[in-house]
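Below: one structure, written as structure tokens.
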Amino acid sequence: MLSKKTRYAMVALTRLAREYGKGTILISELATSEKLPQRFLENILLELKKMGILGSKLGKSGGYFLLRHPSEVNLAEIVRQFEGPIALLSCVSEKAYQPCEFCKDETACNIRKVFKEIRDTTFEKLEHATLEQLIKKHREDPETLAV
């Protein structure tokens, strides 16, 4: 299950993606319009900035903005940042691999095979799902991104 932090990040990013190229959005405006807790949102936006997904501007017309086009930001990178590895078992993880403590031979382990397939399918879906797709889904049904 995704944490609230990850869901808040996706909601905020979707809003910023809808405003892509139109300037900055204040944290207070983003928090109010998307019904997100502002103090929690501040930390999330800072993490996204460190990842190179968001930029920020200080001053009167300051706020946050999306650095990359919405089609270039996929959900896999967001999930990995806030949830950690996509794999449910470390022995099938691409980024956090660790040998299985229960198997003598990983290549023959049927449990590993099933969870590798689950990891691969999940990663493929998340990698191909972009902020641009979330924007389109939001336009079709505004309640789809409700937190």
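For the structure tokens, the naming scheme is as follows: chains receive sequential letters (A, B, ...) according to their order of presentation, residues are indexed from 1 within each chain, and ligands are indexed from 1 in presentation order.
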
(message) Please return, as a VMD selection string, all residues of chain A that DSSP assigns to alpha helix (DSSP H) on the basis of the backbone.
(response) chain A and resid 4 to 18 27 to 34 38 to 50 75 to 83 110 to 128 131 to 140

Residues at most 12 Å from range 111-118 of chain A, counting only C-alpha atoms, excluding those fewer than 3 positions away in the same chain, as a JSON list (two decimals) with N, CA and C atoms, in the first residue's frame?
```json
[["chain", "number", "residue", "atom", "x", "y", "z"],
["A", 86, "ILE", "N", 10.84, -1.24, -5.46],
["A", 86, "ILE", "CA", 9.54, -1.68, -5.97],
["A", 86, "ILE", "C", 9.32, -3.17, -5.67],
["A", 87, "ALA", "N", 10.40, -3.92, -5.62],
["A", 87, "ALA", "CA", 10.32, -5.35, -5.38],
["A", 87, "ALA", "C", 9.83, -5.64, -3.96],
["A", 88, "LEU", "N", 9.04, -6.70, -3.84],
["A", 88, "LEU", "CA", 8.55, -7.12, -2.53],
["A", 88, "LEU", "C", 9.56, -8.02, -1.80],
["A", 89, "LEU", "N", 10.48, -8.59, -2.55],
["A", 89, "LEU", "CA", 11.56, -9.41, -1.98],
["A", 89, "LEU", "C", 12.89, -8.82, -2.43],
["A", 90, "SER", "N", 13.84, -8.74, -1.51],
["A", 90, "SER", "CA", 15.13, -8.15, -1.87],
["A", 90, "SER", "C", 15.90, -8.97, -2.91],
["A", 91, "CYS", "N", 15.62, -10.26, -3.01],
["A", 91, "CYS", "CA", 16.35, -11.10, -3.97],
["A", 91, "CYS", "C", 15.89, -10.88, -5.42],
["A", 92, "VAL", "N", 14.84, -10.08, -5.63],
["A", 92, "VAL", "CA", 14.40, -9.76, -6.99],
["A", 92, "VAL", "C", 14.52, -8.25, -7.27],
["A", 93, "SER", "N", 15.07, -7.51, -6.33],
["A", 93, "SER", "CA", 15.18, -6.06, -6.48],
["A", 93, "SER", "C", 16.30, -5.69, -7.44],
["A", 94, "GLU", "N", 16.04, -4.69, -8.27],
["A", 94, "GLU", "CA", 17.05, -4.18, -9.20],
["A", 94, "GLU", "C", 17.98, -3.19, -8.48],
["A", 97, "TYR", "N", 19.19, -5.19, -4.32],
["A", 97, "TYR", "CA", 19.34, -6.65, -4.30],
["A", 97, "TYR", "C", 20.13, -7.11, -3.07],
["A", 99, "PRO", "N", 21.00, -11.25, -1.47],
["A", 99, "PRO", "CA", 20.72, -12.68, -1.64],
["A", 99, "PRO", "C", 19.65, -13.15, -0.66],
["A", 100, "CYS", "N", 18.86, -14.11, -1.11],
["A", 100, "CYS", "CA", 17.80, -14.65, -0.28],
["A", 100, "CYS", "C", 18.40, -15.49, 0.84],
["A", 101, "GLU", "N", 17.90, -15.26, 2.03],
["A", 101, "GLU", "CA", 18.41, -16.01, 3.19],
["A", 101, "GLU", "C", 17.83, -17.43, 3.26],
["A", 102, "PHE", "N", 16.79, -17.71, 2.49],
["A", 102, "PHE", "CA", 16.14, -19.01, 2.57],
["A", 102, "PHE", "C", 16.52, -19.97, 1.44],
["A", 103, "CYS", "N", 16.98, -19.45, 0.31],
["A", 103, "CYS", "CA", 17.25, -20.29, -0.86],
["A", 103, "CYS", "C", 18.71, -20.74, -0.90],
["A", 104, "LYS", "N", 18.86, -21.96, -1.36],
["A", 104, "LYS", "CA", 20.20, -22.45, -1.65],
["A", 104, "LYS", "C", 20.54, -22.16, -3.11],
["A", 105, "ASP", "N", 19.50, -22.09, -3.95],
["A", 105, "ASP", "CA", 19.69, -21.84, -5.38],
["A", 105, "ASP", "C", 18.57, -20.92, -5.87],
["A", 106, "GLU", "N", 18.87, -19.63, -6.02],
["A", 106, "GLU", "CA", 17.86, -18.66, -6.44],
["A", 106, "GLU", "C", 17.27, -18.98, -7.81],
["A", 107, "THR", "N", 18.06, -19.56, -8.69],
["A", 107, "THR", "CA", 17.56, -19.84, -10.04],
["A", 107, "THR", "C", 16.49, -20.93, -10.04],
["A", 108, "ALA", "N", 16.45, -21.74, -9.00],
["A", 108, "ALA", "CA", 15.46, -22.81, -8.92],
["A", 108, "ALA", "C", 14.30, -22.49, -7.98],
["A", 121, "THR", "N", 6.49, -6.70, -13.76],
["A", 121, "THR", "CA", 5.23, -6.16, -14.26],
["A", 121, "THR", "C", 4.90, -4.83, -13.58],
["A", 122, "THR", "N", 5.07, -4.77, -12.27],
["A", 122, "THR", "CA", 4.80, -3.54, -11.53],
["A", 122, "THR", "C", 5.72, -2.42, -12.01],
["A", 123, "PHE", "N", 7.01, -2.71, -12.14],
["A", 123, "PHE", "CA", 7.95, -1.70, -12.58],
["A", 123, "PHE", "C", 7.61, -1.20, -13.98],
["A", 124, "GLU", "N", 7.29, -2.12, -14.87],
["A", 124, "GLU", "CA", 6.95, -1.73, -16.25],
["A", 124, "GLU", "C", 5.74, -0.79, -16.27],
["A", 125, "LYS", "N", 4.73, -1.13, -15.50],
["A", 125, "LYS", "CA", 3.53, -0.28, -15.44],
["A", 125, "LYS", "C", 3.86, 1.10, -14.88]]
```

(message) Among range 8-132 of chain A, which residues does DSSP mark as strand (DSSP E or B) when it is run on the backbone? Keep the chain and numbering as in the structure and answer as a list in words.
(response) Ile25, Leu54, Gly55, Ser56, Lys57, Gly63, Tyr64, Phe65, Leu66, Asn74 and Thr130 of chain A

(request) One decimal, Å: what's the distance from CA of Thr24 in chain A over to CA of Gly62 in chain A, could you say? (result)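 Separation between CA of Thr24 in chain A and CA of Gly62 in chain A: 6.1 Å.
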
(request) Could you check which of A:Arg119, A:Arg80, A:Lys95, A:Arg7 is closest to Ile44 in chain A, using only C-alpha atoms? (result)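 For Ile44 in chain A, the nearest of the given residues is A:Arg7.
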
(message) Applying 12 Å and only C-alpha atoms, which residues near Leu46 in chain A remain after dropping the ones on its own chain fewer than 2 positions away? List them as a PyMOL selection string.
(response) chain A and resi 9+27+39-44+48-56+63-65

Prev. selection, C-alpha atoms, output as an mmCIF file, in the first residue's frame:
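Okay, this is what ended up in again.cif:
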```
data_model
loop_
_atom_site.group_PDB
_atom_site.id
_atom_site.type_symbol
_atom_site.label_atom_id
_atom_site.label_comp_id
_atom_site.auth_asym_id
_atom_site.auth_seq_id
_atom_site.Cartn_x
_atom_site.Cartn_y
_atom_site.Cartn_z
ATOM 1 C CA ALA A 9 3.581 13.730 -3.862
ATOM 2 C CA ILE A 27 3.065 25.961 -1.370
ATOM 3 C CA ARG A 39 3.883 21.337 6.625
ATOM 4 C CA PHE A 40 4.024 17.792 5.256
ATOM 5 C CA LEU A 41 3.896 19.093 1.682
ATOM 6 C CA GLU A 42 6.919 21.357 2.244
ATOM 7 C CA ASN A 43 9.154 18.351 2.954
ATOM 8 C CA ILE A 44 7.775 16.416 -0.003
ATOM 9 C CA LEU A 48 11.216 16.355 -5.292
ATOM 10 C CA LYS A 49 13.447 19.377 -5.821
ATOM 11 C CA LYS A 50 16.524 17.397 -4.713
ATOM 12 C CA MET A 51 15.521 14.709 -7.229
ATOM 13 C CA GLY A 52 15.581 17.284 -10.023
ATOM 14 C CA ILE A 53 11.858 17.050 -10.740
ATOM 15 C CA LEU A 54 10.917 20.446 -9.300
ATOM 16 C CA GLY A 55 12.468 23.868 -9.351
ATOM 17 C CA SER A 56 11.697 26.750 -7.041
ATOM 18 C CA GLY A 63 6.925 29.011 -5.559
ATOM 19 C CA TYR A 64 7.495 25.626 -7.128
ATOM 20 C CA PHE A 65 7.327 24.506 -10.737
#
```

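The space separating CA of Gly23 in chain A from CA of Pro70 in chain A comes to 14.4 Å.
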
(request) Have a look at A:Gly84, A:Val11, A:Lys57, A:Leu16 and name the one nearest to Lys35 in chain A; count only C-alpha atoms. (result)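 The closest residue to Lys35 in chain A is A:Val11.
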
(message) Between A:Ala17, A:Asn110, A:Thr32, A:Gly59, which residue has the minimum interatomic distance to Val73 in chain A, considering only C-alpha atoms?
(response)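 That would be A:Ala17, the residue with the smallest distance to Val73 in chain A.
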
(message) Between CA of Phe82 in chain A and CA of Lys5 in chain A, what distance in Å does the model show, to one decimal?
(response)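 For CA of Phe82 in chain A relative to CA of Lys5 in chain A, the distance reads 6.9 Å.
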